[in-house]
>>> print(open('data_11.txt').read())   # compact mmCIF, C-alpha atoms and all ligand atoms
# COMPACT_ATOMS: atom_id res chain seq x y z
CA MET E 30 -32.79 3.39 -35.04
CA CYS E 31 -29.93 1.48 -36.60
CA ALA E 32 -27.25 3.39 -38.41
CA ASN E 33 -27.31 2.68 -42.11
CA PRO E 34 -23.71 2.11 -43.20
CA LEU E 35 -24.70 2.29 -46.86
CA LEU E 36 -25.30 5.99 -46.42
CA ASN E 37 -21.56 6.38 -45.87
CA PRO E 38 -19.31 6.30 -48.92
CA VAL E 39 -17.36 3.03 -49.16
CA PRO E 40 -13.60 3.67 -49.27
CA THR E 41 -11.73 1.88 -52.07
CA LYS E 42 -8.13 1.50 -53.17
CA ASP E 43 -6.82 -0.24 -56.31
CA GLY E 44 -10.36 -1.31 -57.17
CA HIS E 45 -10.96 -3.03 -53.82
CA VAL E 46 -12.94 -2.06 -50.74
CA VAL E 47 -10.83 -0.73 -47.87
CA GLY E 48 -11.61 -1.88 -44.33
CA TYR E 49 -10.49 -0.61 -40.94
CA VAL E 50 -8.70 -3.55 -39.35
CA HIS E 51 -8.02 -3.79 -35.61
CA SER E 52 -5.81 -6.88 -35.75
CA LEU E 53 -5.23 -10.18 -37.51
CA GLU E 54 -4.95 -13.59 -35.87
CA THR E 55 -3.30 -16.30 -37.91
CA PHE E 56 -4.35 -19.39 -35.90
CA GLY E 57 -7.78 -18.78 -34.40
CA ALA E 58 -9.09 -21.92 -32.70
CA VAL E 59 -12.20 -20.46 -31.04
CA ASP E 60 -13.57 -18.29 -33.84
CA GLY E 61 -15.70 -20.78 -35.71
CA PRO E 62 -15.21 -24.32 -37.03
CA GLY E 63 -11.66 -25.65 -37.29
CA ILE E 64 -8.52 -23.52 -37.44
CA ARG E 65 -9.19 -20.09 -38.89
CA PHE E 66 -7.47 -16.91 -39.97
CA VAL E 67 -9.35 -14.15 -38.17
CA ALA E 68 -9.60 -10.48 -39.11
CA PHE E 69 -10.86 -8.41 -36.16
CA MET E 70 -12.41 -5.33 -37.68
CA GLN E 71 -12.56 -1.95 -36.04
CA GLY E 72 -15.76 -0.28 -34.84
CA CYS E 73 -18.73 -1.21 -32.66
CA HIS E 74 -21.72 0.84 -31.56
CA MET E 75 -22.56 -1.36 -28.58
CA ARG E 76 -20.94 -0.69 -25.24
CA CYS E 77 -21.21 -4.05 -23.50
CA LYS E 78 -20.20 -3.67 -19.87
CA PHE E 79 -18.18 -6.87 -20.08
CA CYS E 80 -16.47 -6.08 -23.40
CA HIS E 81 -12.83 -7.09 -23.23
CA ASN E 82 -11.94 -5.24 -26.42
CA PRO E 83 -12.87 -1.59 -25.84
CA ASP E 84 -10.00 -0.74 -28.19
CA THR E 85 -12.17 -2.00 -31.08
CA TRP E 86 -15.04 0.43 -30.38
CA LYS E 87 -13.95 3.47 -32.41
CA THR E 88 -14.97 3.48 -36.06
CA ARG E 89 -12.73 4.66 -38.90
CA VAL E 90 -9.46 4.10 -37.06
CA GLY E 91 -6.98 1.21 -37.17
CA SER E 92 -5.03 -0.19 -40.15
CA GLN E 93 -6.63 0.50 -43.48
CA MET E 94 -6.39 -2.63 -45.63
CA THR E 95 -8.11 -3.69 -48.83
CA THR E 96 -9.96 -7.00 -49.09
CA GLU E 97 -7.18 -8.22 -51.35
CA GLU E 98 -4.52 -7.33 -48.79
CA VAL E 99 -6.35 -9.22 -46.04
CA LEU E 100 -6.87 -12.25 -48.29
CA ASN E 101 -3.19 -12.23 -49.23
CA LYS E 102 -2.25 -12.19 -45.53
CA ALA E 103 -4.49 -15.22 -44.94
CA LEU E 104 -3.58 -17.40 -47.91
CA PRO E 105 -0.14 -18.58 -46.64
CA TYR E 106 -1.97 -20.35 -43.77
CA ARG E 107 -4.39 -22.20 -46.00
CA SER E 108 -2.79 -25.62 -45.52
CA PHE E 109 -3.66 -25.47 -41.80
CA TRP E 110 -7.39 -24.96 -42.32
CA GLY E 111 -8.37 -28.53 -43.25
CA ASP E 112 -11.99 -29.36 -44.19
CA LYS E 113 -13.69 -27.11 -41.65
CA GLY E 114 -11.42 -24.10 -41.15
CA GLY E 115 -11.04 -20.95 -43.20
CA ILE E 116 -11.46 -17.22 -42.69
CA THR E 117 -13.48 -15.50 -39.97
CA LEU E 118 -14.43 -11.83 -39.96
CA SER E 119 -14.94 -10.60 -36.41
CA GLY E 120 -14.79 -7.36 -34.48
CA GLY E 121 -15.67 -4.97 -33.10
CA GLU E 122 -18.81 -5.34 -35.17
CA ILE E 123 -18.14 -6.57 -38.68
CA LEU E 124 -21.60 -5.65 -40.01
CA LEU E 125 -20.62 -1.98 -39.70
CA GLN E 126 -18.27 -2.71 -42.62
CA ILE E 127 -20.65 -4.86 -44.62
CA ASP E 128 -19.24 -3.85 -48.03
CA PHE E 129 -15.81 -5.03 -46.95
CA ALA E 130 -17.24 -8.32 -45.69
CA LEU E 131 -19.20 -8.89 -48.88
CA GLU E 132 -16.26 -8.30 -51.19
CA LEU E 133 -13.83 -10.36 -49.09
CA PHE E 134 -16.23 -13.30 -48.78
CA LYS E 135 -16.94 -13.22 -52.53
CA MET E 136 -13.20 -13.47 -53.12
CA CYS E 137 -12.97 -16.30 -50.58
CA LYS E 138 -15.65 -18.25 -52.39
CA GLU E 139 -13.83 -17.81 -55.70
CA GLU E 140 -10.86 -19.44 -53.94
CA GLY E 141 -12.98 -22.17 -52.33
CA ILE E 142 -12.33 -20.86 -48.81
CA SER E 143 -14.84 -21.37 -45.99
CA THR E 144 -16.25 -18.14 -44.51
CA CYS E 145 -17.50 -17.37 -41.02
CA LEU E 146 -18.99 -14.14 -39.72
CA ASP E 147 -18.77 -13.34 -36.00
CA THR E 148 -21.40 -10.70 -35.17
CA CYS E 149 -23.46 -9.26 -32.36
CA GLY E 150 -26.15 -8.31 -34.89
CA GLN E 151 -26.61 -4.74 -33.69
CA PRO E 152 -26.57 -3.14 -37.18
CA PHE E 153 -29.16 -5.61 -38.51
CA THR E 154 -32.19 -4.00 -40.11
CA ARG E 155 -34.71 -5.07 -42.73
CA ARG E 156 -34.57 -1.57 -44.17
CA GLU E 157 -33.27 -1.23 -47.69
CA PRO E 158 -30.75 -1.03 -49.14
CA TRP E 159 -29.04 -2.62 -46.12
CA PHE E 160 -31.15 -5.76 -46.04
CA SER E 161 -30.42 -6.70 -49.67
CA LYS E 162 -26.74 -6.26 -49.02
CA PHE E 163 -26.98 -8.48 -45.95
CA ASN E 164 -28.79 -11.11 -48.00
CA GLU E 165 -26.12 -11.02 -50.64
CA LEU E 166 -23.49 -11.40 -47.91
CA MET E 167 -25.33 -14.47 -46.65
CA ASP E 168 -24.92 -16.06 -50.10
CA TYR E 169 -21.17 -16.04 -49.46
CA THR E 170 -21.21 -16.86 -45.72
CA ASP E 171 -21.01 -20.48 -44.59
CA ILE E 172 -21.72 -19.97 -40.91
CA LEU E 173 -22.22 -17.22 -38.31
CA LEU E 174 -21.27 -16.88 -34.68
CA VAL E 175 -24.01 -14.82 -33.07
CA ASP E 176 -23.87 -13.48 -29.52
CA ILE E 177 -27.16 -13.11 -27.72
CA LYS E 178 -26.09 -10.86 -24.87
CA HIS E 179 -29.36 -10.93 -22.92
CA ILE E 180 -32.77 -12.40 -23.69
CA ASN E 181 -34.64 -9.58 -21.95
CA SER E 182 -34.63 -6.46 -24.10
CA ASP E 183 -34.56 -3.98 -21.17
CA GLU E 184 -31.71 -5.87 -19.53
CA HIS E 185 -30.00 -6.06 -22.91
CA LYS E 186 -30.17 -2.30 -23.15
CA ARG E 187 -28.76 -1.87 -19.66
CA LEU E 188 -25.92 -4.26 -20.50
CA THR E 189 -25.03 -3.09 -24.01
CA GLY E 190 -26.73 0.27 -24.62
CA PHE E 191 -29.14 -1.21 -27.20
CA PRO E 192 -32.35 -3.27 -27.10
CA ASN E 193 -32.24 -6.78 -28.57
CA ASP E 194 -35.30 -6.70 -30.86
CA ASN E 195 -33.44 -6.41 -34.16
CA ILE E 196 -30.81 -8.88 -32.97
CA LEU E 197 -33.44 -11.53 -32.27
CA ASP E 198 -35.05 -10.61 -35.58
CA MET E 199 -31.73 -11.34 -37.27
CA CYS E 200 -31.51 -14.70 -35.48
CA GLU E 201 -35.02 -15.61 -36.65
CA TYR E 202 -34.28 -14.45 -40.17
CA LEU E 203 -31.14 -16.59 -40.29
CA SER E 204 -33.22 -19.52 -39.09
CA SER E 205 -35.82 -18.90 -41.81
CA ILE E 206 -33.15 -19.09 -44.53
CA GLY E 207 -31.47 -22.10 -42.88
CA LYS E 208 -28.14 -20.38 -42.36
CA PRO E 209 -26.08 -22.34 -39.82
CA VAL E 210 -25.17 -20.48 -36.62
CA TRP E 211 -23.36 -20.96 -33.37
CA ILE E 212 -25.13 -19.07 -30.61
CA ARG E 213 -22.99 -17.76 -27.76
CA HIS E 214 -23.99 -16.32 -24.42
CA VAL E 215 -21.69 -14.66 -21.90
CA LEU E 216 -22.47 -15.77 -18.36
CA ILE E 217 -22.03 -12.83 -16.00
CA PRO E 218 -22.73 -13.24 -12.27
CA GLY E 219 -25.54 -10.91 -11.19
CA ILE E 220 -26.52 -10.03 -14.78
CA THR E 221 -27.03 -12.99 -17.11
CA ASP E 222 -26.38 -15.72 -14.52
CA ASN E 223 -30.02 -15.81 -13.55
CA ASP E 224 -32.00 -19.06 -13.76
CA GLU E 225 -35.17 -17.38 -14.98
CA TYR E 226 -33.45 -15.51 -17.82
CA LEU E 227 -31.42 -18.57 -18.75
CA LYS E 228 -34.58 -20.65 -19.00
CA GLN E 229 -36.18 -17.95 -21.16
CA LEU E 230 -33.17 -17.87 -23.47
CA GLY E 231 -33.08 -21.67 -23.68
CA GLU E 232 -36.78 -21.75 -24.59
CA TYR E 233 -36.39 -18.97 -27.10
CA VAL E 234 -33.59 -20.74 -28.96
CA LYS E 235 -35.34 -24.11 -28.83
CA GLU E 236 -38.67 -22.76 -30.08
CA ASN E 237 -37.56 -20.19 -32.63
CA LEU E 238 -34.19 -21.07 -34.05
CA HIS E 239 -33.85 -24.20 -36.18
CA ASN E 240 -30.37 -23.52 -37.51
CA VAL E 241 -28.26 -23.81 -34.35
CA GLU E 242 -25.23 -26.08 -34.76
CA LYS E 243 -23.74 -25.19 -31.38
CA PHE E 244 -24.82 -23.27 -28.27
CA GLU E 245 -21.97 -22.07 -26.10
CA VAL E 246 -21.80 -20.54 -22.65
CA LEU E 247 -18.83 -18.18 -22.42
CA PRO E 248 -17.89 -17.53 -18.79
CA TYR E 249 -17.34 -13.84 -18.06
CA HIS E 250 -13.67 -13.02 -17.50
CA THR E 251 -11.69 -9.95 -16.56
CA MET E 252 -8.80 -10.25 -18.99
CA GLY E 253 -9.58 -6.99 -20.76
CA VAL E 254 -9.85 -4.79 -17.67
CA HIS E 255 -6.33 -3.41 -18.07
CA LYS E 256 -7.35 -1.96 -21.45
CA TYR E 257 -9.95 0.21 -19.73
CA GLN E 258 -7.30 1.50 -17.36
CA GLU E 259 -4.95 2.23 -20.27
CA MET E 260 -7.72 4.00 -22.19
CA GLY E 261 -8.92 5.95 -19.15
CA ILE E 262 -12.44 4.48 -19.32
CA ARG E 263 -14.32 3.46 -16.19
CA TYR E 264 -14.85 -0.31 -16.00
CA ARG E 265 -18.46 -0.79 -14.98
CA LEU E 266 -18.24 -4.38 -13.75
CA GLU E 267 -15.60 -3.63 -11.11
CA GLY E 268 -15.67 -6.36 -8.47
CA VAL E 269 -17.63 -8.91 -10.55
CA GLU E 270 -15.81 -12.22 -10.46
CA PRO E 271 -15.97 -14.94 -13.17
CA PRO E 272 -18.73 -17.51 -12.58
CA THR E 273 -17.86 -20.75 -10.80
CA PRO E 274 -17.67 -24.00 -12.82
CA GLU E 275 -20.91 -25.06 -11.08
CA ARG E 276 -22.75 -21.99 -12.32
CA VAL E 277 -21.42 -22.56 -15.84
CA LYS E 278 -22.72 -26.14 -15.68
CA ASN E 279 -26.06 -24.88 -14.37
CA ALA E 280 -26.34 -22.45 -17.29
CA GLU E 281 -25.46 -25.15 -19.80
CA LYS E 282 -28.17 -27.34 -18.33
CA LEU E 283 -30.84 -24.63 -18.36
CA LEU E 284 -29.94 -23.63 -21.92
CA GLU E 285 -29.92 -27.31 -22.93
CA VAL E 286 -26.70 -26.81 -24.85
CA ASP E 287 -26.32 -30.58 -25.34
CA ARG E 288 -29.22 -30.49 -27.82
CA TYR E 289 -27.01 -28.63 -30.29
CA GLN E 290 -24.40 -31.08 -31.53
CA GLY E 291 -24.63 -30.37 -35.25
CA TYR E 292 -21.21 -28.73 -35.22
CA LYS E 293 -19.55 -32.11 -34.84
CA ASP E 294 -20.66 -33.19 -38.32
CA TRP E 295 -20.83 -29.76 -39.89
CA TYR E 296 -18.85 -28.95 -42.99
CA PRO E 297 -18.88 -25.73 -45.04
CA GLY E 298 -21.76 -25.65 -47.47
CA ILE E 299 -24.19 -27.64 -45.34
CA ASN E 300 -27.59 -26.05 -44.93
CA THR E 301 -29.13 -27.03 -41.60
CA LEU E 302 -32.67 -27.13 -42.95
CA ASP E 303 -31.59 -29.78 -45.47
CA GLN E 304 -30.75 -32.09 -42.57
CA GLN E 305 -34.13 -31.87 -40.93
CA PRO E 306 -36.89 -34.38 -41.60
CA SER E 307 -39.55 -32.91 -43.88
S1 LIG E 401 -20.58 -6.17 -29.25
FE1 LIG E 401 -18.61 -7.12 -28.90
S2 LIG E 401 -17.09 -5.55 -29.46
FE2 LIG E 401 -19.06 -4.53 -29.24
S3 LIG E 401 -19.07 -3.78 -27.14
FE3 LIG E 401 -20.08 -5.77 -27.13
S4 LIG E 401 -18.50 -7.26 -26.67
FE4 LIG E 401 -17.48 -5.34 -27.29
>>> encode(input="data_11.txt", output="structure tokens")
Amino acid sequence: MCANPLLNPVPTKDGHVVGYVHSLETFGAVDGPGIRFVAFMQGCHMRCKFCHNPDTWKTRVGSQMTTEEVLNKALPYRSFWGDKGGITLSGGEILLQIDFALELFKMCKEEGISTCLDTCGQPFTRREPWFSKFNELMDYTDILLVDIKHINSDEHKRLTGFPNDNILDMCEYLSSIGKPVWIRHVLIPGITDNDEYLKQLGEYVKENLHNVEKFEVLPYHTMGVHKYQEMGIRYRLEGVEPPTPERVKNAEKLLEVDRYQGYKDWYPGINTLDQQPS
């Protein structure tokens, strides 16, 4: 069962929601369209074996900042954002701090700033009052980056600690409301680098999701392993090497990533369903 963050009191300061921030990145180039200011928020319930940011897992730690403080940190970089860039909220898992995301994105929209949410979807539920809050957040979100960690729910659970049912439900819901997404999939030798699973994921996205602007294969890497050593946590993918360029190409072919080119023409405010023939 998903945790319901609304059951926890929302911390506030000076009339604004307080969030637990892991770190801020002023020039993010891989966290959504264009150049973006990225706030990596603290806290994630998943325990992906390949996670390169185990230092973001703990909830209710990190720098406590209000939405206004984060926005004020971002605004000096506005001239670099151009037509497509803006602010991305990432993690950890940002949906664990949904009230913070909602207030910050509302403020962004008042300022005419493009908003992007980078989520793994684990907290998603259609239970109330969470679902209404999520829907309201979507009113202020231009685009989402959604990781599908594994298409097979049992394998997903082995890889992350959670099944994928509600994550796929979120993907389908976002498709039904025409909310643009980039789908991302980490290619891990021996786990997700499997032709059969890749074909299943490719089919799933093609058949069920009609809002995909971009579909990316992210090759597994080992850059975060030192953090596990520093934190005294056992790294469970010891000995797994990054996939070869050939295997990455193979995955891209099986997932048919070339079908999803909408990102080239995408601008904030575009609704994917509007572009489709009726
Ligand atoms: S969802 Fe993201 S932050 Fe959470 S464990 Fe997985 S990779 Fe790490």
>>> closest_atom_pairs(input="data_11.txt", of="chain E", to="ligand LIG 401 (chain E)", cutoff="12 Å", atoms="all atoms listed in the file", output="JSON lines")
{"residue": "E:His51", "atom": "CA", "partner": "E:LIG401", "partner_atom": "S2", "distance": 11.1}
{"residue": "E:Phe69", "atom": "CA", "partner": "E:LIG401", "partner_atom": "S2", "distance": 9.6}
{"residue": "E:Met70", "atom": "CA", "partner": "E:LIG401", "partner_atom": "S2", "distance": 9.5}
{"residue": "E:Gln71", "atom": "CA", "partner": "E:LIG401", "partner_atom": "S2", "distance": 8.8}
{"residue": "E:Gly72", "atom": "CA", "partner": "E:LIG401", "partner_atom": "S2", "distance": 7.6}
{"residue": "E:Cys73", "atom": "CA", "partner": "E:LIG401", "partner_atom": "FE2", "distance": 4.8}
{"residue": "E:His74", "atom": "CA", "partner": "E:LIG401", "partner_atom": "FE2", "distance": 6.4}
{"residue": "E:Met75", "atom": "CA", "partner": "E:LIG401", "partner_atom": "S3", "distance": 4.5}
{"residue": "E:Arg76", "atom": "CA", "partner": "E:LIG401", "partner_atom": "S3", "distance": 4.1}
{"residue": "E:Cys77", "atom": "CA", "partner": "E:LIG401", "partner_atom": "FE3", "distance": 4.2}
{"residue": "E:Lys78", "atom": "CA", "partner": "E:LIG401", "partner_atom": "S3", "distance": 7.4}
{"residue": "E:Phe79", "atom": "CA", "partner": "E:LIG401", "partner_atom": "S4", "distance": 6.6}
{"residue": "E:Cys80", "atom": "CA", "partner": "E:LIG401", "partner_atom": "S4", "distance": 4.0}
{"residue": "E:His81", "atom": "CA", "partner": "E:LIG401", "partner_atom": "FE4", "distance": 6.4}
{"residue": "E:Asn82", "atom": "CA", "partner": "E:LIG401", "partner_atom": "FE4", "distance": 5.6}
{"residue": "E:Pro83", "atom": "CA", "partner": "E:LIG401", "partner_atom": "FE4", "distance": 6.1}
{"residue": "E:Asp84", "atom": "CA", "partner": "E:LIG401", "partner_atom": "S2", "distance": 8.7}
{"residue": "E:Thr85", "atom": "CA", "partner": "E:LIG401", "partner_atom": "S2", "distance": 6.3}
{"residue": "E:Trp86", "atom": "CA", "partner": "E:LIG401", "partner_atom": "S2", "distance": 6.4}
{"residue": "E:Lys87", "atom": "CA", "partner": "E:LIG401", "partner_atom": "S2", "distance": 10.0}
{"residue": "E:Thr88", "atom": "CA", "partner": "E:LIG401", "partner_atom": "FE2", "distance": 11.3}
{"residue": "E:Ser119", "atom": "CA", "partner": "E:LIG401", "partner_atom": "S2", "distance": 8.9}
{"residue": "E:Gly120", "atom": "CA", "partner": "E:LIG401", "partner_atom": "S2", "distance": 5.8}
{"residue": "E:Gly121", "atom": "CA", "partner": "E:LIG401", "partner_atom": "S2", "distance": 3.9}
{"residue": "E:Glu122", "atom": "CA", "partner": "E:LIG401", "partner_atom": "S2", "distance": 6.0}
{"residue": "E:Ile123", "atom": "CA", "partner": "E:LIG401", "partner_atom": "S2", "distance": 9.3}
{"residue": "E:Leu124", "atom": "CA", "partner": "E:LIG401", "partner_atom": "S1", "distance": 10.8}
{"residue": "E:Leu125", "atom": "CA", "partner": "E:LIG401", "partner_atom": "FE2", "distance": 10.9}
{"residue": "E:Asp147", "atom": "CA", "partner": "E:LIG401", "partner_atom": "FE1", "distance": 9.4}
{"residue": "E:Thr148", "atom": "CA", "partner": "E:LIG401", "partner_atom": "S1", "distance": 7.5}
{"residue": "E:Cys149", "atom": "CA", "partner": "E:LIG401", "partner_atom": "S1", "distance": 5.2}
{"residue": "E:Gly150", "atom": "CA", "partner": "E:LIG401", "partner_atom": "S1", "distance": 8.2}
{"residue": "E:Gln151", "atom": "CA", "partner": "E:LIG401", "partner_atom": "S1", "distance": 7.6}
{"residue": "E:Pro152", "atom": "CA", "partner": "E:LIG401", "partner_atom": "S1", "distance": 10.4}
{"residue": "E:Leu174", "atom": "CA", "partner": "E:LIG401", "partner_atom": "FE1", "distance": 11.7}
{"residue": "E:Val175", "atom": "CA", "partner": "E:LIG401", "partner_atom": "S1", "distance": 10.1}
{"residue": "E:Asp176", "atom": "CA", "partner": "E:LIG401", "partner_atom": "S1", "distance": 8.0}
{"residue": "E:Ile177", "atom": "CA", "partner": "E:LIG401", "partner_atom": "S1", "distance": 9.7}
{"residue": "E:Lys178", "atom": "CA", "partner": "E:LIG401", "partner_atom": "FE3", "distance": 8.2}
{"residue": "E:His179", "atom": "CA", "partner": "E:LIG401", "partner_atom": "FE3", "distance": 11.4}
{"residue": "E:His185", "atom": "CA", "partner": "E:LIG401", "partner_atom": "FE3", "distance": 10.8}
{"residue": "E:Lys186", "atom": "CA", "partner": "E:LIG401", "partner_atom": "FE3", "distance": 11.4}
{"residue": "E:Leu188", "atom": "CA", "partner": "E:LIG401", "partner_atom": "FE3", "distance": 9.0}
{"residue": "E:Thr189", "atom": "CA", "partner": "E:LIG401", "partner_atom": "FE3", "distance": 6.4}
{"residue": "E:Gly190", "atom": "CA", "partner": "E:LIG401", "partner_atom": "S3", "distance": 9.0}
{"residue": "E:Phe191", "atom": "CA", "partner": "E:LIG401", "partner_atom": "S1", "distance": 10.1}
{"residue": "E:Asn193", "atom": "CA", "partner": "E:LIG401", "partner_atom": "S1", "distance": 11.7}
{"residue": "E:Ile196", "atom": "CA", "partner": "E:LIG401", "partner_atom": "S1", "distance": 11.2}
{"residue": "E:Arg213", "atom": "CA", "partner": "E:LIG401", "partner_atom": "S4", "distance": 11.5}
{"residue": "E:His214", "atom": "CA", "partner": "E:LIG401", "partner_atom": "S4", "distance": 10.8}
{"residue": "E:Val215", "atom": "CA", "partner": "E:LIG401", "partner_atom": "S4", "distance": 9.4}
{"residue": "E:Leu247", "atom": "CA", "partner": "E:LIG401", "partner_atom": "S4", "distance": 11.7}
{"residue": "E:Tyr249", "atom": "CA", "partner": "E:LIG401", "partner_atom": "S4", "distance": 10.9}
{"residue": "E:His250", "atom": "CA", "partner": "E:LIG401", "partner_atom": "S4", "distance": 11.9}
{"residue": "E:Gly253", "atom": "CA", "partner": "E:LIG401", "partner_atom": "FE4", "distance": 10.4}
>>> atom_distance(input="data_11.txt", atom1="CA of Glu165 (chain E)", atom2="CA of Gln126 (chain E)")
14.0 Å
>>> residues_around(input="data_11.txt", residues="Pro218 (chain E)", least_positions_apart="4", cutoff="9 Å", atoms="all atoms listed in the file", output="number ranges by chain")
E: 222-223, 249, 269-272, 276
>>> atom_distance(input="data_11.txt", atom1="CA of Phe109 (chain E)", atom2="CA of Trp211 (chain E)")
21.9 Å
>>> atom_distance(input="data_11.txt", atom1="CA of Asp128 (chain E)", atom2="CA of Tyr169 (chain E)")
12.4 Å
>>> closest_atom_pairs(input="data_11.txt", of="region 193-275 of chain E", to="region 285-299 of chain E", cutoff="12 Å", atoms="all atoms listed in the file", output="JSON lines")
{"residue": "E:Gly207", "atom": "CA", "partner": "E:Ile299", "partner_atom": "CA", "distance": 9.5}
{"residue": "E:Lys208", "atom": "CA", "partner": "E:Ile299", "partner_atom": "CA", "distance": 8.8}
{"residue": "E:Pro209", "atom": "CA", "partner": "E:Ile299", "partner_atom": "CA", "distance": 7.9}
{"residue": "E:Val210", "atom": "CA", "partner": "E:Tyr292", "partner_atom": "CA", "distance": 9.3}
{"residue": "E:Trp211", "atom": "CA", "partner": "E:Tyr292", "partner_atom": "CA", "distance": 8.3}
{"residue": "E:Ile212", "atom": "CA", "partner": "E:Tyr289", "partner_atom": "CA", "distance": 9.7}
{"residue": "E:Arg213", "atom": "CA", "partner": "E:Val286", "partner_atom": "CA", "distance": 10.2}
{"residue": "E:His214", "atom": "CA", "partner": "E:Val286", "partner_atom": "CA", "distance": 10.8}
{"residue": "E:Leu227", "atom": "CA", "partner": "E:Glu285", "partner_atom": "CA", "distance": 9.8}
{"residue": "E:Lys228", "atom": "CA", "partner": "E:Glu285", "partner_atom": "CA", "distance": 9.0}
{"residue": "E:Gln229", "atom": "CA", "partner": "E:Glu285", "partner_atom": "CA", "distance": 11.4}
{"residue": "E:Leu230", "atom": "CA", "partner": "E:Glu285", "partner_atom": "CA", "distance": 10.0}
{"residue": "E:Gly231", "atom": "CA", "partner": "E:Glu285", "partner_atom": "CA", "distance": 6.5}
{"residue": "E:Glu232", "atom": "CA", "partner": "E:Glu285", "partner_atom": "CA", "distance": 9.0}
{"residue": "E:Tyr233", "atom": "CA", "partner": "E:Glu285", "partner_atom": "CA", "distance": 11.3}
{"residue": "E:Val234", "atom": "CA", "partner": "E:Glu285", "partner_atom": "CA", "distance": 9.6}
{"residue": "E:Lys235", "atom": "CA", "partner": "E:Glu285", "partner_atom": "CA", "distance": 8.6}
{"residue": "E:Leu238", "atom": "CA", "partner": "E:Tyr289", "partner_atom": "CA", "distance": 11.1}
{"residue": "E:His239", "atom": "CA", "partner": "E:Tyr289", "partner_atom": "CA", "distance": 10.1}
{"residue": "E:Asn240", "atom": "CA", "partner": "E:Gly291", "partner_atom": "CA", "distance": 9.2}
{"residue": "E:Val241", "atom": "CA", "partner": "E:Tyr289", "partner_atom": "CA", "distance": 6.4}
{"residue": "E:Glu242", "atom": "CA", "partner": "E:Gly291", "partner_atom": "CA", "distance": 4.4}
{"residue": "E:Lys243", "atom": "CA", "partner": "E:Tyr289", "partner_atom": "CA", "distance": 4.9}
{"residue": "E:Phe244", "atom": "CA", "partner": "E:Val286", "partner_atom": "CA", "distance": 5.3}
{"residue": "E:Glu245", "atom": "CA", "partner": "E:Val286", "partner_atom": "CA", "distance": 6.8}
{"residue": "E:Val246", "atom": "CA", "partner": "E:Val286", "partner_atom": "CA", "distance": 8.3}
{"residue": "E:Leu247", "atom": "CA", "partner": "E:Val286", "partner_atom": "CA", "distance": 11.9}
>>> write_last_selection(input="data_11.txt", atoms="C-alpha atoms", output="CSV table (one decimal), keeping the file's coordinate frame")
chain,number,residue,atom,x,y,z
E,207,GLY,CA,-31.5,-22.1,-42.9
E,208,LYS,CA,-28.1,-20.4,-42.4
E,209,PRO,CA,-26.1,-22.3,-39.8
E,210,VAL,CA,-25.2,-20.5,-36.6
E,211,TRP,CA,-23.4,-21.0,-33.4
E,212,ILE,CA,-25.1,-19.1,-30.6
E,213,ARG,CA,-23.0,-17.8,-27.8
E,214,HIS,CA,-24.0,-16.3,-24.4
E,227,LEU,CA,-31.4,-18.6,-18.8
E,228,LYS,CA,-34.6,-20.6,-19.0
E,229,GLN,CA,-36.2,-18.0,-21.2
E,230,LEU,CA,-33.2,-17.9,-23.5
E,231,GLY,CA,-33.1,-21.7,-23.7
E,232,GLU,CA,-36.8,-21.8,-24.6
E,233,TYR,CA,-36.4,-19.0,-27.1
E,234,VAL,CA,-33.6,-20.7,-29.0
E,235,LYS,CA,-35.3,-24.1,-28.8
E,238,LEU,CA,-34.2,-21.1,-34.0
E,239,HIS,CA,-33.8,-24.2,-36.2
E,240,ASN,CA,-30.4,-23.5,-37.5
E,241,VAL,CA,-28.3,-23.8,-34.4
E,242,GLU,CA,-25.2,-26.1,-34.8
E,243,LYS,CA,-23.7,-25.2,-31.4
E,244,PHE,CA,-24.8,-23.3,-28.3
E,245,GLU,CA,-22.0,-22.1,-26.1
E,246,VAL,CA,-21.8,-20.5,-22.6
E,247,LEU,CA,-18.8,-18.2,-22.4
>>> closest_residue(input="data_11.txt", among="E:Arg65, E:Arg265, E:Lys102, E:Lys135", to="Val46 (chain E)", atoms="all atoms listed in the file")
E:Lys135
>>> closest_residue(input="data_11.txt", among="E:Asn101, E:Thr154, E:Ser205, E:Asn164", to="Met136 (chain E)", atoms="only C-alpha atoms")
E:Asn101
>>> closest_residue(input="data_11.txt", among="E:Gly48, E:Pro192, E:Gly268, E:Pro274", to="Ile127 (chain E)", atoms="all atoms listed in the file")
E:Gly48
>>> closest_residue(input="data_11.txt", among="E:Ala130, E:Leu197, E:Leu166, E:Ile206", to="Ile180 (chain E)", atoms="all atoms listed in the file")
E:Leu197
>>> closest_residue(input="data_11.txt", among="E:Thr55, E:Ser92, E:Ser108, E:Thr117", to="Cys137 (chain E)", atoms="only C-alpha atoms")
E:Thr117
>>> build_atoms(input="data_11.txt", residues="region 98-102 of chain E", atoms="N, CA and C atoms", output="PDB file, in the coordinates of the input")
ATOM      1  N   GLU E  98      -5.648  -7.270 -49.716  1.00  0.00           N
ATOM      2  CA  GLU E  98      -4.520  -7.330 -48.790  1.00  0.00           C
ATOM      3  C   GLU E  98      -4.785  -8.304 -47.641  1.00  0.00           C
ATOM      4  N   VAL E  99      -6.019  -8.292 -47.124  1.00  0.00           N
ATOM      5  CA  VAL E  99      -6.350  -9.220 -46.040  1.00  0.00           C
ATOM      6  C   VAL E  99      -6.308 -10.658 -46.545  1.00  0.00           C
ATOM      7  N   LEU E 100      -6.881 -10.893 -47.727  1.00  0.00           N
ATOM      8  CA  LEU E 100      -6.870 -12.250 -48.290  1.00  0.00           C
ATOM      9  C   LEU E 100      -5.425 -12.727 -48.496  1.00  0.00           C
ATOM     10  N   ASN E 101      -4.583 -11.844 -48.998  1.00  0.00           N
ATOM     11  CA  ASN E 101      -3.190 -12.230 -49.230  1.00  0.00           C
ATOM     12  C   ASN E 101      -2.444 -12.530 -47.933  1.00  0.00           C
ATOM     13  N   LYS E 102      -2.858 -11.879 -46.845  1.00  0.00           N
ATOM     14  CA  LYS E 102      -2.250 -12.190 -45.530  1.00  0.00           C
ATOM     15  C   LYS E 102      -2.692 -13.579 -45.066  1.00  0.00           C
TER      16      LYS E 102
END
